[in-house]
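The structure file start24.pdb is reproduced below (PDB, C-alpha atoms, pLDDT in the B column).
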ATOM      1  CA  MET A   1      89.024 119.392 190.820  1.00 51.00           C
ATOM      2  CA  ALA A   2      85.615 117.887 190.200  1.00 52.00           C
ATOM      3  CA  THR A   3      84.589 121.010 188.289  1.00 53.00           C
ATOM      4  CA  ALA A   4      87.652 120.755 186.028  1.00 49.00           C
ATOM      5  CA  GLY A   5      86.926 117.085 185.346  1.00 46.00           C
ATOM      6  CA  ALA A   6      83.295 117.840 184.556  1.00 43.00           C
ATOM      7  CA  SER A   7      84.350 120.686 182.263  1.00 44.00           C
ATOM      8  CA  LEU A   8      86.808 118.443 180.438  1.00 39.00           C
ATOM      9  CA  PHE A   9      84.152 115.736 180.061  1.00 38.00           C
ATOM     10  CA  PHE A  10      81.685 118.316 178.688  1.00 37.00           C
ATOM     11  CA  VAL A  11      84.222 119.635 176.127  1.00 37.00           C
ATOM     12  CA  VAL A  12      85.102 116.105 174.951  1.00 37.00           C
ATOM     13  CA  PHE A  13      81.421 115.116 174.811  1.00 37.00           C
ATOM     14  CA  ILE A  14      80.470 118.205 172.761  1.00 38.00           C
ATOM     15  CA  SER A  15      83.478 117.713 170.458  1.00 41.00           C
ATOM     16  CA  LEU A  16      82.503 114.122 169.755  1.00 39.00           C
ATOM     17  CA  ALA A  17      78.867 115.038 169.229  1.00 41.00           C
ATOM     18  CA  LEU A  18      79.774 117.787 166.775  1.00 41.00           C
ATOM     19  CA  ALA A  19      82.300 115.580 164.973  1.00 43.00           C
ATOM     20  CA  ASP A  20      79.445 113.531 163.532  1.00 44.00           C
ATOM     21  CA  ASP A  21      78.085 116.694 161.908  1.00 44.00           C
ATOM     22  CA  VAL A  22      81.417 117.592 160.292  1.00 42.00           C
ATOM     23  CA  LYS A  23      81.994 115.864 156.972  1.00 46.00           C
ATOM     24  CA  LEU A  24      85.118 116.025 154.874  1.00 42.00           C
ATOM     25  CA  LYS A  25      84.563 117.405 151.402  1.00 47.00           C
ATOM     26  CA  TYR A  26      87.309 115.168 150.004  1.00 46.00           C
ATOM     27  CA  LYS A  27      88.163 111.568 150.710  1.00 49.00           C
ATOM     28  CA  PRO A  28      91.302 111.290 152.826  1.00 50.00           C
ATOM     29  CA  ALA A  29      94.085 109.050 151.557  1.00 48.00           C
ATOM     30  CA  THR A  30      94.415 105.839 153.516  1.00 54.00           C
ATOM     31  CA  LYS A  31      98.033 105.349 152.461  1.00 58.00           C
ATOM     32  CA  PRO A  32     100.898 107.804 152.043  1.00 58.00           C
ATOM     33  CA  VAL A  33     100.878 109.484 148.633  1.00 68.00           C
ATOM     34  CA  ARG A  34     103.661 108.729 146.171  1.00 83.00           C
ATOM     35  CA  LEU A  35     105.030 109.748 142.794  1.00 85.00           C
ATOM     36  CA  PHE A  36     104.042 107.534 139.829  1.00 91.00           C
ATOM     37  CA  THR A  37     105.831 107.221 136.505  1.00 90.00           C
ATOM     38  CA  GLU A  38     103.717 106.369 133.453  1.00 91.00           C
ATOM     39  CA  GLU A  39     105.043 102.798 133.581  1.00 94.00           C
ATOM     40  CA  GLU A  40     104.169 102.385 137.253  1.00 95.00           C
ATOM     41  CA  LEU A  41     100.677 103.747 136.747  1.00 96.00           C
ATOM     42  CA  LYS A  42     100.056 101.264 133.898  1.00 96.00           C
ATOM     43  CA  ARG A  43     100.323  98.387 136.414  1.00 96.00           C
ATOM     44  CA  TYR A  44      97.108  99.576 138.066  1.00 97.00           C
ATOM     45  CA  ASP A  45      94.868  99.431 134.979  1.00 97.00           C
ATOM     46  CA  GLY A  46      92.336  96.983 136.402  1.00 96.00           C
ATOM     47  CA  SER A  47      93.608  93.992 134.436  1.00 95.00           C
ATOM     48  CA  GLN A  48      94.900  92.103 137.508  1.00 93.00           C
ATOM     49  CA  GLU A  49      92.256  90.679 139.831  1.00 91.00           C
ATOM     50  CA  GLY A  50      92.831  91.717 143.436  1.00 92.00           C
ATOM     51  CA  GLU A  51      95.081  94.675 142.556  1.00 95.00           C
ATOM     52  CA  PRO A  52      93.975  98.288 143.081  1.00 96.00           C
ATOM     53  CA  ILE A  53      92.792 100.350 140.127  1.00 97.00           C
ATOM     54  CA  TYR A  54      94.360 103.793 139.759  1.00 97.00           C
ATOM     55  CA  MET A  55      93.824 106.605 137.309  1.00 97.00           C
ATOM     56  CA  ALA A  56      95.092 110.157 137.159  1.00 96.00           C
ATOM     57  CA  VAL A  57      93.346 113.400 136.350  1.00 95.00           C
ATOM     58  CA  LYS A  58      95.299 116.673 136.273  1.00 91.00           C
ATOM     59  CA  GLY A  59      98.352 114.764 137.491  1.00 89.00           C
ATOM     60  CA  VAL A  60      96.605 113.575 140.665  1.00 89.00           C
ATOM     61  CA  VAL A  61      96.422 109.772 141.032  1.00 92.00           C
ATOM     62  CA  PHE A  62      93.179 108.413 142.480  1.00 93.00           C
ATOM     63  CA  ASP A  63      92.385 104.932 143.777  1.00 95.00           C
ATOM     64  CA  VAL A  64      89.195 104.165 141.829  1.00 97.00           C
ATOM     65  CA  THR A  65      89.034 100.524 142.945  1.00 96.00           C
ATOM     66  CA  LYS A  66      85.645 100.998 144.610  1.00 96.00           C
ATOM     67  CA  GLY A  67      84.392 101.993 141.145  1.00 95.00           C
ATOM     68  CA  LYS A  68      85.524  98.636 139.719  1.00 96.00           C
ATOM     69  CA  ALA A  69      82.180  98.243 137.926  1.00 96.00           C
ATOM     70  CA  PHE A  70      83.148 101.333 135.897  1.00 96.00           C
ATOM     71  CA  TYR A  71      86.969 101.120 135.724  1.00 96.00           C
ATOM     72  CA  GLY A  72      87.753  97.409 136.102  1.00 96.00           C
ATOM     73  CA  LYS A  73      88.689  94.925 133.391  1.00 95.00           C
ATOM     74  CA  ASN A  74      86.192  95.015 130.492  1.00 95.00           C
ATOM     75  CA  ALA A  75      84.190  97.809 132.196  1.00 96.00           C
ATOM     76  CA  ALA A  76      82.842 100.809 130.290  1.00 96.00           C
ATOM     77  CA  TYR A  77      85.532 103.255 131.466  1.00 97.00           C
ATOM     78  CA  ASN A  78      88.469 100.858 131.802  1.00 97.00           C
ATOM     79  CA  ALA A  79      90.299 102.776 129.059  1.00 97.00           C
ATOM     80  CA  LEU A  80      90.776 105.623 131.584  1.00 97.00           C
ATOM     81  CA  ALA A  81      92.472 103.401 134.187  1.00 98.00           C
ATOM     82  CA  GLY A  82      96.224 103.027 134.560  1.00 98.00           C
ATOM     83  CA  LYS A  83      97.077 106.407 133.042  1.00 97.00           C
ATOM     84  CA  ASP A  84      96.603 110.149 133.278  1.00 96.00           C
ATOM     85  CA  SER A  85      93.351 110.590 131.372  1.00 97.00           C
ATOM     86  CA  THR A  86      92.947 114.330 131.859  1.00 96.00           C
ATOM     87  CA  ARG A  87      92.134 115.126 128.211  1.00 97.00           C
ATOM     88  CA  ALA A  88      89.641 112.264 127.948  1.00 97.00           C
ATOM     89  CA  VAL A  89      87.854 113.398 131.114  1.00 97.00           C
ATOM     90  CA  ALA A  90      87.710 116.990 129.831  1.00 97.00           C
ATOM     91  CA  LYS A  91      86.280 115.887 126.479  1.00 97.00           C
ATOM     92  CA  MET A  92      84.120 113.078 127.912  1.00 96.00           C
ATOM     93  CA  SER A  93      85.894 110.837 125.413  1.00 96.00           C
ATOM     94  CA  LEU A  94      87.212 107.290 125.324  1.00 97.00           C
ATOM     95  CA  ASP A  95      89.069 107.868 122.058  1.00 97.00           C
ATOM     96  CA  PRO A  96      92.614 106.461 122.418  1.00 96.00           C
ATOM     97  CA  GLU A  97      94.157 109.742 121.215  1.00 97.00           C
ATOM     98  CA  ASP A  98      92.462 111.544 124.117  1.00 97.00           C
ATOM     99  CA  LEU A  99      93.895 109.218 126.786  1.00 97.00           C
ATOM    100  CA  THR A 100      96.622 111.666 127.762  1.00 95.00           C
ATOM    101  CA  SER A 101      97.438 114.410 130.233  1.00 93.00           C
ATOM    102  CA  ASP A 102      97.833 116.961 127.417  1.00 92.00           C
ATOM    103  CA  THR A 103      95.254 119.747 127.661  1.00 92.00           C
ATOM    104  CA  THR A 104      96.547 121.739 124.692  1.00 92.00           C
ATOM    105  CA  GLY A 105      93.737 123.049 122.512  1.00 95.00           C
ATOM    106  CA  LEU A 106      90.857 122.236 124.858  1.00 95.00           C
ATOM    107  CA  THR A 107      87.984 124.696 124.777  1.00 96.00           C
ATOM    108  CA  GLU A 108      86.990 126.816 127.754  1.00 96.00           C
ATOM    109  CA  ASP A 109      83.873 124.655 128.181  1.00 97.00           C
ATOM    110  CA  GLN A 110      85.982 121.478 128.189  1.00 97.00           C
ATOM    111  CA  LEU A 111      88.326 122.974 130.792  1.00 95.00           C
ATOM    112  CA  LYS A 112      85.352 123.961 132.970  1.00 96.00           C
ATOM    113  CA  SER A 113      83.969 120.442 132.594  1.00 96.00           C
ATOM    114  CA  LEU A 114      87.358 119.019 133.591  1.00 95.00           C
ATOM    115  CA  ASP A 115      87.459 121.161 136.731  1.00 93.00           C
ATOM    116  CA  GLY A 116      83.912 120.161 137.661  1.00 95.00           C
ATOM    117  CA  VAL A 117      84.478 116.439 137.217  1.00 95.00           C
ATOM    118  CA  PHE A 118      87.838 116.661 139.000  1.00 93.00           C
ATOM    119  CA  GLU A 119      86.295 118.386 142.039  1.00 90.00           C
ATOM    120  CA  ASP A 120      82.827 116.849 142.182  1.00 93.00           C
ATOM    121  CA  THR A 121      83.582 113.300 141.089  1.00 94.00           C
ATOM    122  CA  TYR A 122      87.178 112.254 141.582  1.00 94.00           C
ATOM    123  CA  LYS A 123      88.174 114.345 144.596  1.00 90.00           C
ATOM    124  CA  ALA A 124      84.782 113.825 146.225  1.00 90.00           C
ATOM    125  CA  LYS A 125      84.611 110.041 145.747  1.00 93.00           C
ATOM    126  CA  TYR A 126      88.106 108.612 145.528  1.00 93.00           C
ATOM    127  CA  PRO A 127      91.191 108.835 147.751  1.00 90.00           C
ATOM    128  CA  ILE A 128      94.328 110.469 146.371  1.00 88.00           C
ATOM    129  CA  VAL A 129      97.222 107.991 146.383  1.00 89.00           C
ATOM    130  CA  GLY A 130      99.842 110.041 144.567  1.00 85.00           C
ATOM    131  CA  TYR A 131     100.855 112.282 141.715  1.00 85.00           C
ATOM    132  CA  THR A 132     102.244 111.669 138.245  1.00 89.00           C
ATOM    133  CA  ALA A 133     105.955 112.216 137.819  1.00 83.00           C
ATOM    134  CA  ALA A 134     105.311 114.143 134.611  1.00 79.00           C
ATOM    135  CA  ARG A 135     103.569 116.783 136.667  1.00 73.00           C
ATOM    136  CA  ILE A 136     106.703 117.843 138.532  1.00 73.00           C
ATOM    137  CA  LEU A 137     109.730 116.232 136.848  1.00 78.00           C
ATOM    138  CA  ASN A 138     111.689 116.923 133.656  1.00 75.00           C
ATOM    139  CA  GLN A 139     111.963 114.273 130.924  1.00 75.00           C
ATOM    140  CA  ASP A 140     115.294 113.104 132.384  1.00 80.00           C
ATOM    141  CA  GLY A 141     113.719 112.614 135.829  1.00 77.00           C
ATOM    142  CA  SER A 142     115.343 115.632 137.435  1.00 82.00           C
ATOM    143  CA  PRO A 143     113.157 118.031 139.417  1.00 78.00           C
ATOM    144  CA  ASN A 144     111.608 120.755 137.327  1.00 72.00           C
ATOM    145  CA  GLU A 145     112.926 123.835 139.087  1.00 76.00           C
ATOM    146  CA  ASP A 146     110.479 126.029 137.176  1.00 70.00           C
ATOM    147  CA  PHE A 147     107.415 124.044 138.233  1.00 63.00           C
ATOM    148  CA  LYS A 148     105.151 126.113 140.410  1.00 61.00           C
ATOM    149  CA  PRO A 149     101.720 124.589 141.022  1.00 55.00           C
ATOM    150  CA  GLU A 150     100.136 127.987 141.334  1.00 52.00           C
ATOM    151  CA  ASP A 151     101.309 128.871 137.801  1.00 52.00           C
ATOM    152  CA  GLN A 152      99.705 125.821 136.187  1.00 47.00           C
ATOM    153  CA  PRO A 153      96.592 126.463 134.105  1.00 44.00           C
ATOM    154  CA  HIS A 154      93.416 125.586 136.002  1.00 45.00           C
ATOM    155  CA  PHE A 155      95.390 124.622 139.102  1.00 46.00           C
ATOM    156  CA  LYS A 156      94.127 125.459 142.551  1.00 49.00           C
ATOM    157  CA  ILE A 157      96.448 125.053 145.522  1.00 46.00           C
ATOM    158  CA  LYS A 158      93.717 123.029 147.273  1.00 51.00           C
ATOM    159  CA  ASP A 159      94.228 120.368 144.566  1.00 48.00           C
ATOM    160  CA  GLU A 160      97.202 119.236 146.621  1.00 47.00           C
ATOM    161  CA  PHE A 161      95.184 118.500 149.746  1.00 44.00           C
TER     162      PHE A 161
END
Rewrite the structure of this file - the entire thing - as structure tokens.
Amino acid sequence: MATAGASLFFVVFISLALADDVKLKYKPATKPVRLFTEEELKRYDGSQEGEPIYMAVKGVVFDVTKGKAFYGKNAAYNALAGKDSTRAVAKMSLDPEDLTSDTTGLTEDQLKSLDGVFEDTYKAKYPIVGYTAARILNQDGSPNEDFKPEDQPHFKIKDEF
């Protein structure tokens, strides 16, 4: 019995010791994820003091509140907050016409840039709090039966996790 207890203690001790060496590549969400309409996402544009700041890239909504100096009211990148700014991120643009999820006509270099920023900046630094409704719903709000994440351009199944 004492040997079993010592073995269990050793396994737990080693597990805890190794846990410090294991780092998550992506920030875990602290709240359950949800589906955001464009109108709902607009409420989190950084204009209200004390409210979280959200922005979406590739239909994934991130809580960028800890980057308030960049995304908060009157900050340099506030134009990206409260919406899906996929095109703007791909083009490194703050032009109002680029503040959209539409990736039509982007160059291969812009799409590569988008993927890099999505993976190395947003997914690495900010928790995912939800997804945009436009990503998986039809205009009338019904589920898009034809939507298959794996068929989306530049989509990787790990984007969901």
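Take atom CA of A:Thr100 and atom CA of A:Lys83: the distance between them is 7.5 Å.
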* **Using all atoms listed in the file: which of A:Gly67, A:Pro143, A:Gly82, A:Pro127 has the shortest distance to A:Tyr44** =>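 Smallest distance to A:Tyr44 is found for A:Gly82.
For the residues A:Asp102, A:Asp109, A:Glu49, A:Asp146, ranking by smallest atom-to-atom distance to A:Ala88 using only C-alpha atoms places A:Asp102 first.
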* Please provide as a PyMOL selection string all residues within 9 Å of stretch 59-61 of chain A, with the sequence filter that same-chain residues fewer than 6 positions apart are discarded (counting all atoms listed in the file). => chain A and resi 33-36+41+83-86+101+127-136+159-160
* Asked: Hey, can you pull every residue with an atom no more than 9 Å from (94.8, 107.9, 123.7), using all atoms listed in the file, and send it as a list of chain:residue names?
  ->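 Residues with an atom at most 9 Å from (94.8, 107.9, 123.7): A:Ala79, A:Ser85, A:Arg87, A:Ala88, A:Leu94, A:Asp95, A:Pro96, A:Glu97, A:Asp98, A:Leu99, A:Thr100.
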* Nearest-residue call for A:Lys73, choices A:Ala124, A:Leu114, A:Leu106, A:Ile53, using all atoms listed in the file ->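 Checking each of A:Ala124, A:Leu114, A:Leu106, A:Ile53 against A:Lys73, counting all atoms listed in the file, the winner is A:Ile53.
Picture a line from atom CA of A:Lys42 to atom CA of A:Ala90; it runs 20.4 Å.
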* **d(atom CA of A:Lys125, atom CA of A:Thr103) in Å** =>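 Pair atom CA of A:Lys125 / atom CA of A:Thr103 returns 23.1 Å.
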Around stretch 110-123 of chain A, with edges along x, y and z and 8 Å added on all six sides, what centre and edge lengths do you get, in Å to one decimal, as lines of an AutoDock Vina configuration file?
center_x = 85.6
center_y = 118.1
center_z = 136.4
size_x = 21.5
size_y = 27.7
size_z = 32.4
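Polymer residues near (89.8, 102.1, 138.1): counting only C-alpha atoms with a cut-off of 7 Å, they are Asp45, Gly46, Ile53, Tyr54, Met55, Asp63, Val64, Thr65, Gly67, Lys68, Tyr71, Gly72, Asn78 and Ala81 of chain A.
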